[in-house]
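Quick look at work-v4.txt (compact mmCIF, C-alpha atoms):
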# COMPACT_ATOMS: atom_id res chain seq x y z
CA MET A 30 35.10 -6.52 12.39
CA LEU A 31 36.34 -4.66 9.30
CA PHE A 32 33.45 -6.06 7.28
CA ALA A 33 31.23 -3.55 9.11
CA ILE A 34 32.88 -0.52 7.48
CA PRO A 35 30.91 -0.64 4.17
CA MET A 36 27.62 -1.10 6.06
CA LEU A 37 28.38 1.81 8.38
CA ALA A 38 29.44 3.95 5.40
CA PHE A 39 26.19 3.15 3.58
CA SER A 40 24.06 3.94 6.65
CA ALA A 41 25.89 7.17 7.43
CA VAL A 42 25.92 8.55 3.89
CA SER A 43 22.31 7.61 3.07
CA LEU A 44 21.03 9.02 6.38
CA ILE A 45 22.98 12.27 6.01
CA LEU A 46 21.64 12.70 2.47
CA LEU A 47 18.08 11.83 3.50
CA LYS A 48 18.33 14.34 6.36
CA HIS A 49 19.47 16.92 3.83
CA PHE A 50 16.59 16.12 1.46
CA SER A 51 14.12 16.05 4.33
CA ALA A 52 15.08 19.60 5.28
CA LYS A 53 15.26 20.76 1.65
CA TYR A 54 11.87 19.43 0.53
CA GLY A 55 10.06 19.80 3.86
CA TRP A 56 9.19 16.17 4.45
CA LYS A 57 7.27 15.88 7.70
CA ALA A 58 6.62 12.90 9.91
CA GLY A 59 2.87 12.77 10.31
CA SER A 60 0.32 10.12 11.04
CA ILE A 61 1.20 6.87 9.37
CA LYS A 62 -1.64 4.77 8.03
CA VAL A 63 -0.56 1.19 7.53
CA LYS A 64 -1.99 -0.52 4.50
CA ARG A 65 -1.67 -4.09 3.39
CA GLY A 66 0.29 -2.99 0.35
CA ASP A 67 2.82 -1.31 2.64
CA VAL A 68 3.31 -4.47 4.68
CA LEU A 69 3.79 -6.51 1.51
CA LYS A 70 6.20 -3.90 0.18
CA TRP A 71 8.28 -4.04 3.37
CA ALA A 72 8.26 -7.82 3.28
CA ILE A 73 9.76 -7.54 -0.22
CA TYR A 74 12.35 -5.08 1.15
CA GLY A 75 13.03 -7.65 3.85
CA ALA A 76 13.72 -10.20 1.13
CA ILE A 77 16.00 -7.76 -0.71
CA ILE A 78 18.16 -6.58 2.20
CA PRO A 79 19.85 -9.92 3.08
CA LEU A 80 21.18 -10.29 -0.46
CA TRP A 81 22.90 -6.90 -0.14
CA VAL A 82 24.18 -7.79 3.33
CA GLU A 83 25.60 -10.99 1.92
CA LEU A 84 27.21 -9.36 -1.11
CA ASP A 85 28.56 -6.65 1.19
CA ILE A 86 30.27 -9.16 3.50
CA LEU A 87 31.46 -11.20 0.53
CA PHE A 88 33.11 -8.32 -1.30
CA SER A 89 34.45 -6.73 1.89
CA TYR A 90 36.53 -9.89 2.28
CA VAL A 91 37.79 -9.46 -1.29
CA ASN A 92 38.58 -5.75 -1.28
CA LEU A 93 37.51 -3.63 1.65
CA ALA A 94 38.39 -0.23 0.23
CA MET A 95 36.65 -0.82 -3.09
CA THR A 96 33.58 -2.23 -1.32
CA THR A 97 33.41 0.86 0.91
CA ILE A 98 33.66 3.16 -2.11
CA VAL A 99 30.94 1.24 -3.93
CA ALA A 100 28.75 1.27 -0.80
CA VAL A 101 29.09 5.06 -0.58
CA ILE A 102 28.22 5.42 -4.28
CA ILE A 103 25.20 3.14 -3.85
CA ALA A 104 24.11 5.15 -0.80
CA ILE A 105 24.26 8.39 -2.80
CA VAL A 106 22.35 6.88 -5.74
CA PHE A 107 19.85 5.35 -3.31
CA ALA A 108 19.13 8.63 -1.53
CA PHE A 109 18.84 10.60 -4.81
CA CYS A 110 16.54 7.99 -6.38
CA TYR A 111 14.41 7.93 -3.24
CA ALA A 112 14.13 11.72 -3.16
CA VAL A 113 13.21 11.91 -6.86
CA CYS A 114 10.62 9.13 -6.50
CA LYS A 115 9.11 10.69 -3.39
CA ASN A 116 8.85 14.14 -4.93
CA LYS A 117 7.50 12.88 -8.26
CA GLY A 118 5.15 10.37 -6.62
CA VAL A 119 6.72 7.44 -8.41
CA ILE A 120 6.77 4.02 -6.72
CA PHE A 121 10.29 3.39 -5.44
CA LEU A 122 10.17 -0.38 -4.92
CA PRO A 123 10.96 -1.52 -8.51
CA ILE A 124 14.32 0.28 -8.46
CA PRO A 125 15.94 -1.70 -5.60
CA LEU A 126 14.12 -4.84 -6.70
CA ILE A 127 15.49 -4.77 -10.25
CA ALA A 128 18.92 -3.62 -9.05
CA THR A 129 19.06 -6.52 -6.60
CA ILE A 130 18.11 -9.06 -9.24
CA VAL A 131 20.65 -7.66 -11.72
CA VAL A 132 23.50 -7.44 -9.21
CA THR A 133 22.82 -10.90 -7.82
CA ALA A 134 22.71 -12.40 -11.29
CA LEU A 135 25.95 -10.61 -12.17
CA THR A 136 27.62 -11.83 -8.98
CA HIS A 137 26.48 -15.35 -9.62
CA TYR A 138 27.83 -15.08 -13.15
CA ILE A 139 31.17 -13.69 -11.96
CA PHE A 140 31.53 -16.41 -9.34
CA ILE A 141 30.47 -19.15 -11.73
CA PRO A 142 32.53 -22.30 -11.14
CA PRO A 143 35.68 -22.54 -13.27
CA SER A 144 36.89 -25.87 -14.54
CA PRO A 145 38.02 -28.29 -11.81
CA LYS A 146 41.65 -27.46 -12.59
CA ASN A 147 41.16 -23.94 -11.27
CA TRP A 148 39.16 -24.60 -8.15
CA SER A 149 41.67 -22.61 -6.16
CA THR A 150 40.05 -19.45 -7.54
CA TYR A 151 36.63 -20.92 -6.83
CA PHE A 152 37.30 -21.07 -3.09
CA TYR A 153 39.32 -17.92 -2.78
CA ILE A 154 37.13 -16.36 -0.10
CA GLY A 155 35.77 -19.67 1.05
CA ILE A 156 32.38 -19.54 -0.63
CA LYS A 157 31.05 -21.13 -3.77
CA ALA A 158 28.75 -19.50 -6.28
CA ASP A 159 25.68 -21.51 -5.31
CA GLU A 160 26.44 -21.05 -1.61
CA ILE A 161 25.50 -17.40 -2.05
CA LEU A 162 21.94 -18.54 -2.67
CA TYR A 163 22.05 -21.17 0.11
CA PHE A 164 23.15 -18.53 2.59
CA TYR A 165 20.42 -16.28 1.28
CA SER A 166 17.77 -18.94 1.85
CA TRP A 167 18.97 -19.27 5.46
CA LEU A 168 19.14 -15.57 6.04
CA ALA A 169 15.95 -14.21 4.44
CA PRO A 170 13.20 -15.47 6.86
CA PRO A 171 13.92 -13.22 9.88
CA TRP A 172 14.29 -10.20 7.62
CA ILE A 173 10.95 -10.84 5.88
CA VAL A 174 9.12 -11.35 9.18
CA GLY A 175 10.95 -8.53 10.93
CA MET A 176 10.35 -5.97 8.20
CA ALA A 177 6.66 -6.91 7.84
CA TYR A 178 6.22 -6.59 11.61
CA LEU A 179 8.19 -3.36 11.65
CA ARG A 180 5.88 -1.83 9.05
CA SER A 181 2.75 -2.85 10.91
CA ASN A 182 4.10 -1.57 14.28
CA LEU A 183 6.31 1.25 13.13
CA LYS A 184 6.40 3.17 16.40
CA ASP A 185 7.50 0.36 18.67
CA GLY A 186 8.69 -2.37 16.35
CA TYR A 187 12.34 -1.38 16.01
CA ILE A 188 13.55 -3.91 18.56
CA VAL A 189 11.84 -6.80 16.75
CA LEU A 190 14.09 -6.93 13.70
CA PRO A 191 17.40 -7.46 15.58
CA LEU A 192 15.68 -9.83 18.00
CA ALA A 193 14.20 -11.85 15.12
CA VAL A 194 17.61 -12.13 13.47
CA ILE A 195 19.41 -13.08 16.71
CA SER A 196 16.84 -15.69 17.79
CA TYR A 197 16.63 -17.16 14.31
CA PHE A 198 20.41 -17.46 14.10
CA LEU A 199 20.54 -19.16 17.50
CA LEU A 200 17.88 -21.57 16.22
CA ILE A 201 19.66 -22.49 13.00
CA LEU A 202 23.12 -22.62 14.60
CA PHE A 203 21.89 -25.38 16.88
CA LEU A 204 19.59 -26.99 14.35
CA PHE A 205 21.46 -27.17 11.07
CA PRO A 206 24.61 -29.09 12.07
CA VAL A 207 22.53 -32.12 13.05
CA LEU A 208 20.45 -32.18 9.87
CA SER A 209 20.87 -34.40 6.84
CA PHE A 210 20.17 -33.04 3.37
CA PHE A 211 16.55 -34.16 3.60
CA GLY A 212 16.32 -32.64 7.07
CA TYR A 213 17.69 -29.40 5.70
CA GLU A 214 15.09 -29.34 2.92
CA ALA A 215 12.28 -30.23 5.33
CA SER A 216 13.36 -27.55 7.81
CA MET A 217 13.55 -24.97 5.01
CA ILE A 218 10.00 -25.88 3.92
CA ALA A 219 8.83 -25.62 7.54
CA ILE A 220 10.59 -22.29 8.12
CA TYR A 221 9.25 -20.70 4.94
CA SER A 222 5.73 -22.01 5.69
CA ILE A 223 5.93 -20.32 9.11
CA VAL A 224 7.20 -17.13 7.45
CA ALA A 225 4.26 -17.15 5.04
CA LEU A 226 1.82 -17.79 7.91
CA ILE A 227 3.23 -14.93 10.01
CA VAL A 228 3.18 -12.49 7.10
CA LEU A 229 -0.38 -13.53 6.24
CA GLY A 230 -1.35 -13.09 9.90
CA ILE A 231 0.12 -9.57 9.93
CA LEU A 232 -1.69 -8.81 6.65
CA ARG A 233 -4.94 -10.07 8.14
CA ARG A 234 -4.59 -7.87 11.20
CA VAL A 235 -3.86 -4.78 9.14
CA LYS A 236 -7.10 -3.18 8.09
CA GLU A 237 -7.72 -1.75 4.64
CA MET B 17 42.77 -31.62 4.13
CA LYS B 18 43.53 -29.93 0.83
CA VAL B 19 44.94 -26.45 0.92
CA TYR B 20 44.68 -24.19 -2.10
CA LYS B 21 47.12 -21.36 -2.50
CA ILE B 22 45.63 -18.04 -3.43
CA LYS B 23 46.68 -14.45 -3.54
CA MET B 24 45.20 -13.61 -0.10
CA GLY B 25 46.84 -16.57 1.57
CA CYS B 26 45.80 -20.17 2.13
CA VAL B 27 42.18 -21.11 2.60
CA PRO B 28 41.43 -24.72 3.59
CA ASP B 29 38.91 -26.50 1.41
CA SER B 30 37.07 -28.72 3.86
CA SER B 31 36.39 -25.94 6.32
CA GLY B 32 35.88 -23.54 3.42
CA GLY B 33 34.51 -20.23 4.50
CA PHE B 34 35.17 -20.80 8.17
CA GLY B 35 35.98 -17.18 8.77
CA PHE B 36 33.05 -16.16 6.64
CA ILE B 37 30.67 -18.40 8.57
CA LEU B 38 32.01 -17.21 11.91
CA MET B 39 31.51 -13.59 10.98
CA TYR B 40 28.27 -14.11 9.07
CA PRO B 41 25.73 -14.22 11.97
CA LEU B 42 27.50 -11.31 13.61
CA ALA B 43 27.39 -9.30 10.39
CA CYS B 44 23.71 -10.04 9.85
CA ILE B 45 22.82 -9.07 13.42
CA LEU B 46 24.81 -5.88 12.99
CA ALA B 47 23.00 -5.21 9.70
CA ALA B 48 19.63 -5.79 11.40
CA ILE B 49 20.50 -3.34 14.17
CA LEU B 50 21.74 -0.82 11.61
CA ALA B 51 18.66 -1.31 9.44
CA SER B 52 16.21 -0.78 12.29
CA GLY B 53 18.20 2.25 13.41
CA CYS B 54 18.14 3.66 9.89
CA ILE B 55 14.40 3.07 9.63
CA TYR B 56 13.84 4.74 12.99
CA ALA B 57 15.89 7.74 11.90
CA ALA B 58 14.12 7.85 8.55
CA VAL B 59 10.72 7.88 10.26
CA GLN B 60 11.89 10.69 12.52
CA LEU B 61 12.94 12.62 9.42
CA GLY B 62 9.55 12.07 7.79
CA VAL B 63 11.13 10.15 4.94
CA LEU B 64 8.98 7.06 5.15
CA ASP B 65 5.69 8.84 5.44
CA ASP B 66 3.20 9.06 2.62
CA GLU B 67 5.03 7.10 -0.04
CA GLU B 68 2.77 6.12 -2.94
CA ALA B 69 0.18 8.52 -1.60
CA ASP B 70 -1.10 9.32 -5.08
CA ASP B 71 -2.22 5.76 -5.74
CA GLU B 72 -4.46 5.53 -2.70
CA HIS B 73 -6.06 8.97 -2.59
CA GLU B 74 -9.38 7.80 -3.99
CA GLU B 75 -9.75 5.02 -1.45
CA SER B 76 -8.75 7.11 1.55
CA LYS B 77 -11.59 9.59 1.06
CA ASP B 78 -14.07 7.16 2.57
Full structure transcribed into structure tokens:
Amino acid sequence: MLFAIPMLAFSAVSLILLKHFSAKYGWKAGSIKVKRGDVLKWAIYGAIIPLWVELDILFSYVNLAMTTIVAVIIAIVFAFCYAVCKNKGVIFLPIPLIATIVVTALTHYIFIPPSPKNWSTYFYIGIKADEILYFYSWLAPPWIVGMAYLRSNLKDGYIVLPLAVISYFLLILFLFPVLSFFGYEASMIAIYSIVALIVLGILRRVKE
Amino acid sequence: MKVYKIKMGCVPDSSGGFGFILMYPLACILAAILASGCIYAAVQLGVLDDEEADDEHEESKD
């Protein structure tokens, strides 16, 4: 369970800092009007988060202390960037989006396969470079759906995200071991089609 | 079964990432619970309200 320490550190530090900024700048929770752009934005956040979860687990197996330190630094940078963007009225989304793309590309480059002679380093935490992206393609759907639903039902949608992740994992745990490669591809196409349909349905229900 | 020696110990090839895969669903569920909790707390703090408000002011007058 030690892999949870960086996640908990990130949550704690970012929430403490956001609480501080909320009191400092007088942010108030008022009426929340849901727009289609917001739902799309949260769906993109839902696509970003699993990559960070994955990298977090991955690097916590490599070096737990360093991963925790980096998670705390990222939490501080995150909260400061968010506060600056919110106070200046700048759109925040490009920052995590670009950071995610850059960090994922860097990770993929770092974990690029060495020559077959050195495959011992290739498997040193039991995951290959391209498996990062395979795991991501398995993991992303419940996050995209859950975050889009959470944005459209912000007051009572908090239970949906964990439930979506749990039910989806139960589904794929029973489904994937019996699939061939073609079955895997077909199920991925089906799953992502359903994800697109659900997000479009949420977008359609949201007015404006 | 091939076993590769590494600095953290021995990781079997064929069941590569067994520990990772065992912990992975658990970690993702934990992350989902943490994420929804963080979002709930952020909404309570008023953090998530009114982002990008400047872009939509003209439309919201109607």
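Put simply, CA of Tyr178 in chain A is 18.1 Å away from CA of Leu122 in chain A.
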For Leu64 in chain B, which residue among A:Ile124, A:Ala215, A:Phe205, A:Arg180 is the nearest when counting all atoms listed in the file?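 Nearest candidate to Leu64 in chain B out of A:Ile124, A:Ala215, A:Phe205, A:Arg180: A:Arg180.
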Find the spatial neighbours of Ile45 in chain B, counting all atoms listed in the file, within a cut-off of 8 Å - ignore same-chain residues fewer than 5 positions away - and output them as JSON, numbers by chain. {"A": [191, 194, 195]}
What is the CA of Ser51 in chain A to CA of Gly62 in chain B distance in Å? 7.0 Å
Neighbouring residues of Leu50 in chain B were defined as those with any atom within 9 Å, considering only C-alpha atoms; residues of the same chain fewer than 2 positions away were excluded. Please report them as a PDB file with C-alpha atoms, keeping the file's coordinate frame.
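File written: part-v2.pdb
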ATOM      1  CA  MET A  36      27.620  -1.100   6.060  1.00  0.00           C
ATOM      2  CA  LEU A  37      28.380   1.810   8.380  1.00  0.00           C
ATOM      3  CA  SER A  40      24.060   3.940   6.650  1.00  0.00           C
ATOM      4  CA  PRO A 191      17.400  -7.460  15.580  1.00  0.00           C
TER       5      PRO A 191
ATOM      6  CA  ILE B  45      22.820  -9.070  13.420  1.00  0.00           C
ATOM      7  CA  LEU B  46      24.810  -5.880  12.990  1.00  0.00           C
ATOM      8  CA  ALA B  47      23.000  -5.210   9.700  1.00  0.00           C
ATOM      9  CA  ALA B  48      19.630  -5.790  11.400  1.00  0.00           C
ATOM     10  CA  SER B  52      16.210  -0.780  12.290  1.00  0.00           C
ATOM     11  CA  GLY B  53      18.200   2.250  13.410  1.00  0.00           C
ATOM     12  CA  CYS B  54      18.140   3.660   9.890  1.00  0.00           C
ATOM     13  CA  ILE B  55      14.400   3.070   9.630  1.00  0.00           C
TER      14      ILE B  55
END
Ranking A:Gly175, A:Pro170, A:Gly118, A:Pro206 by minimum distance to chain B and counting only C-alpha atoms, which one comes first?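 Answer, going by the shortest atom-to-atom distance: A:Gly118.
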Near Ile223 in chain A, within 12 Å and counting all atoms listed in the file, which residues show up once chain neighbours fewer than 5 positions away are dropped, as a list in words?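 Close residues of Ile223 in chain A: Pro170, Pro171, Ile173, Val174, Ser216, Met217, Ile218, Val228, Leu229 and Gly230 of chain A.
You will find CA of Leu126 in chain A at 25.7 Å from CA of Ala94 in chain A.
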Shortest interatomic distance to Glu214 in chain A - which of A:Ile78, A:Tyr163, A:Leu44, A:Ala108, counting only C-alpha atoms: A:Tyr163
With all atoms listed in the file as the counted atoms, please give the residues lying no more than 8 Å from Ala100 in chain A, apart from itself and same-chain residues fewer than 2 positions off, as an MDAnalysis selection string. chainID A and resid 35:36 38:39 96:98 102:104
Restricted to C-alpha atoms, what would the selected residues look like written as an mmCIF file, keeping the file's coordinate frame?
data_model
loop_
_atom_site.group_PDB
_atom_site.id
_atom_site.type_symbol
_atom_site.label_atom_id
_atom_site.label_comp_id
_atom_site.auth_asym_id
_atom_site.auth_seq_id
_atom_site.Cartn_x
_atom_site.Cartn_y
_atom_site.Cartn_z
ATOM 1 C CA PRO A 35 30.910 -0.640 4.170
ATOM 2 C CA MET A 36 27.620 -1.100 6.060
ATOM 3 C CA ALA A 38 29.440 3.950 5.400
ATOM 4 C CA PHE A 39 26.190 3.150 3.580
ATOM 5 C CA THR A 96 33.580 -2.230 -1.320
ATOM 6 C CA THR A 97 33.410 0.860 0.910
ATOM 7 C CA ILE A 98 33.660 3.160 -2.110
ATOM 8 C CA ILE A 102 28.220 5.420 -4.280
ATOM 9 C CA ILE A 103 25.200 3.140 -3.850
ATOM 10 C CA ALA A 104 24.110 5.150 -0.800
#
Residues near Leu61 in chain B, anyone? I mean within 7 Å using all atoms listed in the file, not counting same-chain ones fewer than 3 positions away, as a JSON list (two decimals) with C-alpha atoms, keeping the file's coordinate frame.
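Here's the written file selection_38.json:
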[["chain", "number", "residue", "atom", "x", "y", "z"],
["A", 48, "LYS", "CA", 18.33, 14.34, 6.36],
["A", 51, "SER", "CA", 14.12, 16.05, 4.33],
["A", 57, "LYS", "CA", 7.27, 15.88, 7.70],
["A", 58, "ALA", "CA", 6.62, 12.90, 9.91],
["B", 57, "ALA", "CA", 15.89, 7.74, 11.90],
["B", 58, "ALA", "CA", 14.12, 7.85, 8.55]]
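The nearest approach to Leu38 in chain B among the residues A:Ala177, A:Met30, A:Leu226, A:Trp167, with only C-alpha atoms taken into account, belongs to A:Met30.
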